[in-house]
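**Q** Structure file run-v9.cif (mmCIF, C-alpha atoms) right here:
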data_data
loop_
_atom_site.label_atom_id
_atom_site.label_comp_id
_atom_site.auth_asym_id
_atom_site.auth_seq_id
_atom_site.Cartn_x
_atom_site.Cartn_y
_atom_site.Cartn_z
CA ILE A 1 80.14 139.44 123.36
CA GLU A 2 81.24 137.04 120.62
CA SER A 3 82.45 134.53 123.21
CA ILE A 4 79.01 134.59 124.85
CA HIS A 5 77.37 134.02 121.47
CA ASP A 6 79.73 131.11 120.79
CA PHE A 7 78.95 129.59 124.18
CA ILE A 8 75.19 129.80 123.61
CA ALA A 9 75.48 128.37 120.09
CA ALA A 10 77.58 125.42 121.28
CA THR A 11 75.43 124.40 124.23
CA ASP A 12 72.51 121.99 124.05
CA THR A 13 70.96 123.05 127.36
CA PRO A 14 67.15 123.05 127.05
CA GLU A 15 66.90 126.28 129.04
CA LEU A 16 68.92 128.09 126.35
CA ARG A 17 66.91 126.82 123.40
CA GLN A 18 65.09 130.13 122.88
CA ALA A 19 68.41 131.97 123.11
CA ARG A 20 69.90 129.68 120.44
CA LEU A 21 66.94 130.28 118.14
CA LEU A 22 67.21 134.03 118.64
CA LEU A 23 70.96 133.93 117.99
CA LYS A 24 70.41 131.91 114.81
CA ARG A 25 67.92 134.49 113.55
CA PHE A 26 70.40 137.26 114.27
CA GLN A 27 73.21 135.46 112.44
CA CYS A 28 70.94 134.87 109.43
CA HIS A 29 69.79 138.52 109.51
CA LYS A 30 66.20 137.39 110.00
CA LEU A 31 65.21 140.21 112.30
CA TYR A 32 61.64 140.57 113.49
CA LYS A 33 59.62 142.88 111.27
CA LYS A 34 58.22 146.07 112.76
CA VAL A 35 54.63 146.41 111.61
CA ALA A 36 53.53 149.50 113.55
CA GLU A 37 54.86 152.35 115.64
CA GLU A 38 52.72 154.68 117.73
CA PRO A 39 54.21 157.88 119.22
CA ILE A 40 52.73 158.79 122.60
CA PRO A 41 53.15 162.56 123.06
CA ILE A 42 53.57 163.82 126.61
CA ILE A 43 52.49 167.42 127.21
CA ARG A 44 53.71 167.58 130.80
CA ASP A 45 55.44 165.09 133.08
CA SER A 46 56.73 165.55 136.60
CA GLY A 47 59.09 162.62 136.09
CA ASN A 48 57.42 160.13 138.44
CA GLY A 49 55.11 158.77 135.73
CA LYS A 50 51.97 159.41 137.79
CA ASP A 51 51.23 163.04 136.96
CA ALA A 52 51.96 162.85 133.24
CA GLN A 53 49.55 164.67 130.99
CA PHE A 54 49.04 162.96 127.66
CA LYS A 55 47.71 164.75 124.62
CA PHE A 56 44.61 162.55 124.34
CA ALA A 57 42.73 160.37 126.82
CA TRP A 58 43.03 157.26 124.63
CA GLN A 59 46.82 157.61 124.66
CA ARG A 60 46.79 157.53 128.47
CA LYS A 61 44.76 154.32 128.36
CA LEU A 62 47.07 152.78 125.77
CA TRP A 63 50.21 153.58 127.76
CA SER A 64 48.67 152.24 130.98
CA MET A 65 48.31 148.77 129.42
CA ASN A 66 51.19 146.34 129.71
CA GLU A 67 52.67 144.56 126.70
CA SER A 68 50.79 141.30 127.31
CA GLU A 69 47.43 143.06 127.53
CA ILE A 70 48.07 144.87 124.25
CA ALA A 71 49.06 141.64 122.49
CA GLU A 72 45.97 139.85 123.82
CA ASP A 73 43.67 142.64 122.63
CA ILE A 74 45.26 142.57 119.17
CA VAL A 75 44.64 138.81 119.03
CA LYS A 76 40.99 139.42 119.94
CA CYS A 77 40.73 141.87 117.06
CA SER A 78 42.15 139.22 114.72
CA GLN A 79 39.50 136.74 115.81
CA LEU A 80 36.74 139.24 115.06
CA ARG A 81 38.16 140.31 111.69
CA GLY A 82 39.51 137.03 110.42
CA GLY A 83 36.48 134.84 109.87
CA PRO A 84 36.62 131.03 109.78
CA GLN A 85 38.90 130.79 106.74
CA ARG A 86 41.39 133.33 108.08
CA GLN A 87 41.38 131.76 111.53
CA ALA A 88 42.12 128.34 110.09
CA GLN A 89 45.05 129.49 107.97
CA HIS A 90 46.68 132.52 109.58
CA GLN A 91 45.16 133.00 113.00
CA LEU A 92 47.16 135.36 115.16
CA ALA A 93 48.44 134.13 118.50
CA PRO A 94 50.21 136.05 121.30
CA GLU A 95 53.49 134.31 120.42
CA HIS A 96 53.38 135.94 116.97
CA ILE A 97 53.43 139.42 118.51
CA ILE A 98 56.14 141.45 120.21
CA VAL A 99 54.99 144.67 121.89
CA GLU A 100 57.65 147.12 123.03
CA LYS A 101 56.99 150.23 125.10
CA ARG A 102 59.92 152.60 124.69
CA SER A 103 60.86 155.63 126.77
CA ILE A 104 63.82 157.67 125.57
CA HIS A 105 65.10 160.81 127.25
CA HIS A 106 68.22 162.93 127.59
CA GLY A 107 69.26 161.81 131.06
CA MET A 108 66.74 163.66 133.24
CA GLY A 109 63.42 162.16 132.21
CA ALA A 110 61.00 164.87 131.14
CA GLU A 111 63.24 167.63 132.50
CA ASN A 112 65.57 169.79 130.43
CA PRO A 113 69.12 168.54 131.19
CA VAL A 114 70.57 171.95 130.33
CA SER A 115 68.77 173.36 133.39
CA ALA A 116 71.30 171.53 135.58
CA MET A 117 74.26 173.18 133.85
CA ARG A 118 75.92 176.52 134.57
CA PHE A 119 77.66 178.68 131.97
CA LEU A 120 80.31 181.37 131.71
CA PRO A 121 80.32 184.05 129.02
CA LYS A 122 83.34 183.89 126.71
CA LYS A 123 84.75 187.12 128.07
CA LEU A 124 85.26 185.47 131.48
CA LEU A 125 86.94 182.28 130.25
CA SER A 126 90.39 183.84 130.59
CA LYS A 127 89.79 184.22 134.33
CA LEU A 128 89.55 180.48 134.92
CA ARG A 129 93.26 180.49 135.79
CA GLU A 130 92.81 182.93 138.63
CA LYS A 131 93.09 182.04 142.31
CA PRO A 132 90.05 180.19 143.73
CA GLU A 133 88.71 183.26 145.49
CA LEU A 134 88.86 185.22 142.21
CA LEU A 135 87.27 182.62 139.95
CA PRO A 136 84.18 183.81 138.05
CA ILE A 137 80.78 182.38 138.96
CA ALA A 138 78.90 180.41 136.33
CA HIS A 139 75.18 181.08 136.02
CA LYS A 140 72.12 179.25 134.80
CA ILE A 141 70.75 180.38 131.44
CA GLU A 142 67.01 180.80 131.24
CA GLU A 143 65.37 178.42 128.80
CA GLU A 144 63.72 181.29 126.91
CA GLU A 145 67.14 182.34 125.65
CA TYR A 146 67.75 179.11 123.73
CA GLU A 147 64.30 177.56 123.31
CA CYS A 148 64.64 177.53 119.52
CA SER A 149 67.61 175.16 119.82
CA ILE A 150 66.05 172.49 122.03
CA PRO A 151 63.46 169.77 121.35
CA ARG A 152 59.82 170.36 122.22
CA ALA A 153 59.88 167.33 124.52
CA PHE A 154 62.75 165.76 126.42
CA LEU A 155 60.93 162.49 127.09
CA GLN A 156 59.76 160.49 124.08
CA ARG A 157 57.43 157.53 124.49
CA THR A 158 56.71 155.14 121.67
CA LEU A 159 54.80 151.90 121.27
CA ARG A 160 56.18 149.44 118.72
CA VAL A 161 54.70 146.18 117.45
CA TYR A 162 56.78 143.47 115.77
CA CYS A 163 55.79 140.27 113.99
CA ARG A 164 57.67 137.10 114.91
CA LYS A 165 56.58 135.19 111.83
CA ASP A 166 58.89 135.31 108.81
CA ASP A 167 57.66 136.73 105.53
CA ASP A 168 59.04 133.71 103.67
CA GLU A 169 56.72 131.42 105.66
CA ASP A 170 53.51 132.88 104.26
CA GLY A 171 54.53 135.70 101.96
CA GLY A 172 54.15 138.30 104.67
CA ASP A 173 50.46 137.56 105.10
CA THR A 174 50.64 137.23 108.89
CA CYS A 175 52.60 140.47 109.28
CA ASN A 176 50.14 142.35 107.10
CA PHE A 177 47.21 140.89 109.03
CA LEU A 178 48.88 141.84 112.32
CA LYS A 179 49.26 145.41 111.10
CA THR A 180 45.57 145.56 110.18
CA CYS A 181 44.54 144.15 113.55
CA TYR A 182 46.80 146.59 115.39
CA TYR A 183 45.10 149.59 113.80
CA GLN A 184 41.73 148.03 114.58
CA PHE A 185 42.89 147.74 118.20
CA ILE A 186 43.86 151.44 118.21
CA ASP A 187 40.51 152.35 116.66
CA ASN A 188 38.70 150.40 119.39
CA ILE A 189 40.56 152.26 122.15
CA GLN A 190 39.80 155.61 120.53
CA LYS A 191 36.10 154.74 120.35
CA ARG A 192 36.01 153.58 123.99
CA GLU A 193 38.06 156.41 125.46
CA GLY A 194 37.07 159.13 123.01
CA LEU A 195 39.26 161.55 121.09
CA GLY A 196 39.09 164.27 123.72
CA MET A 197 42.02 165.81 125.53
CA ASP A 198 43.59 164.08 128.52
CA ASN A 199 41.64 165.74 131.33
CA ILE A 200 42.98 163.41 134.02
CA GLY A 201 46.55 164.62 133.67
CA ASN A 202 45.34 168.19 133.25
CA ASN A 203 43.27 168.04 136.45
CA ASN A 204 46.18 166.56 138.40
CA ASN A 205 48.47 169.37 137.30
CA ASN A 206 45.84 172.01 138.12
CA ASN A 207 45.45 170.56 141.61
CA ASN A 208 49.21 170.64 142.11
CA ASP A 209 49.29 174.31 141.17
CA HIS A 210 46.90 175.29 143.98
#
Mind converting the file's structure to structure tokens?

**A**
Amino acid sequence: IESIHDFIAATDTPELRQARLLLKRFQCHKLYKKVAEEPIPIIRDSGNGKDAQFKFAWQRKLWSMNESEIAEDIVKCSQLRGGPQRQAQHQLAPEHIIVEKRSIHHGMGAENPVSAMRFLPKKLLSKLREKPELLPIAHKIEEEEYECSIPRAFLQRTLRVYCRKDDDEDGGDTCNFLKTCYYQFIDNIQKREGLGMDNIGNNNNNNNDH
């Protein structure tokens, strides 16, 4: 990895300019500041992403938007909140904002990975040296037997927003303003979509049950 970094730093190729700037920030420990993080709880998910049931309807709408759409809507909020003086000095632009949609799971999406495993009780471990035809059979353990030891959800979705502008450029004013505009953006979605439960995902799952 270091040799790749050295190669990028030494080149003057125009196409690698952004990579050189990013590498310089990393070397100077000027990492982009995270200004907001929004967990997106999933109540039920078949794994294909289409039949997921979110906790609230507004969370479904938020997750359906791509990163560029979210950044553009945050910029619109900044234009409404900022006023002429704010817009002249610290107007937000899409290039100031990094939106990251994260999905983290344990290897099987929304499914419990332990369900794919088979177990032997300790009393049968000594028989693992027997002939093949005499080997004990491992069995699946029902989730109810160990549900207190597993997470409530195996698929975690999170939305993160970062500010590209350094605090030392304006004392953190842009990052603080971005944070304010992000929460205004969330408030707007909640007002448009409502704070009710996610009936779309619930209806899809009910239809699949019949």

**Q** If you count all atoms listed in the file, which residues fall within 12 Å of range 7-15 of chain A, apart from same-chain ones fewer than 6 positions away, as a PyMOL selection string?

**A** chain A and resi 1+21-27

**Q** Considering all atoms listed in the file, return as a JSON list (two decimals) with C-alpha atoms, in the coordinates of the input whatever protein or nucleic-acid residues lie within 9 Å of Pro94 in chain A, sequence-local ones (same chain, fewer than 3 positions apart) excluded.

**A**
[["chain", "number", "residue", "atom", "x", "y", "z"],
["A", 68, "SER", "CA", 50.79, 141.30, 127.31],
["A", 71, "ALA", "CA", 49.06, 141.64, 122.49],
["A", 72, "GLU", "CA", 45.97, 139.85, 123.82],
["A", 74, "ILE", "CA", 45.26, 142.57, 119.17],
["A", 75, "VAL", "CA", 44.64, 138.81, 119.03],
["A", 97, "ILE", "CA", 53.43, 139.42, 118.51],
["A", 98, "ILE", "CA", 56.14, 141.45, 120.21]]

**Q** Taking all atoms of range 110-115 of chain A that the file lists and extending 3 Å past them on each side, where is the centre of the axis-aligned box and how long are its edges? Answer in Å to one decimal, as JSON.

**A**
{"center_x": 65.8, "center_y": 169.1, "center_z": 131.9, "size_x": 15.6, "size_y": 14.5, "size_z": 9.1}

**Q** In Å, with one decimal, what is the gap from CA of Glu69 in chain A to CA of Phe185 in chain A?

**A**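 Separating CA of Glu69 in chain A from CA of Phe185 in chain A is a distance of 11.4 Å.
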
**Q** Specify as a list of chain:residue names each residue included when the PyMOL selection byres ((chain A and resi 99) around 10) is applied to this file.

**A** A:Lys34, A:Ala36, A:Glu37, A:Asn66, A:Glu67, A:Ser68, A:Glu69, A:Ile70, A:Ala71, A:Pro94, A:Ile97, A:Ile98, A:Glu100, A:Lys101, A:Arg102, A:Leu159, A:Arg160, A:Val161, A:Tyr162, A:Cys163

**Q** I'd like the interatomic distance between CA of Ala116 in chain A and CA of Ala138 in chain A, to a tenth of an Å.

**A**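 Those two atoms sit 11.7 Å apart.
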
**Q** Restricting the calculation to only C-alpha atoms: of A:Gln190, A:Thr158, A:Thr174, A:Asn112, which residue gets closest to Ile42 in chain A?

**A**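 Answer, going by the shortest atom-to-atom distance: A:Thr158.
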
**Q** Nearest to Tyr183 in chain A: which of A:Leu62, A:Met108, A:Ala93, A:Cys77 is it, counting all atoms listed in the file?

**A**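 Among A:Leu62, A:Met108, A:Ala93, A:Cys77, it is A:Cys77 that comes nearest to Tyr183 in chain A.
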
**Q** Please compute the CA of Asn176 in chain A-CA of Lys76 in chain A distance, one decimal, in Å.

**A**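 Rounded to one decimal, the two atoms are 16.0 Å apart.
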
**Q** Nearest to Ile40 in chain A: which of A:Ser126, A:Gln59, A:Gln79, A:Asn188 is it, counting all atoms listed in the file?

**A** A:Gln59

**Q** Between A:Ile137, A:Met197, A:Ala19, A:Ile104, single out the one closest to Phe119 in chain A, counting all atoms listed in the file.

**A**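 Ranked by minimum distance to Phe119 in chain A, first place goes to A:Ile137.
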
**Q** Would you please work out which residue, of A:Trp58, A:Phe154, A:Tyr182, A:Trp63, is nearest to Ile43 in chain A when using all atoms listed in the file?

**A**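 Ranking A:Trp58, A:Phe154, A:Tyr182, A:Trp63 by distance to Ile43 in chain A, first place goes to A:Phe154.
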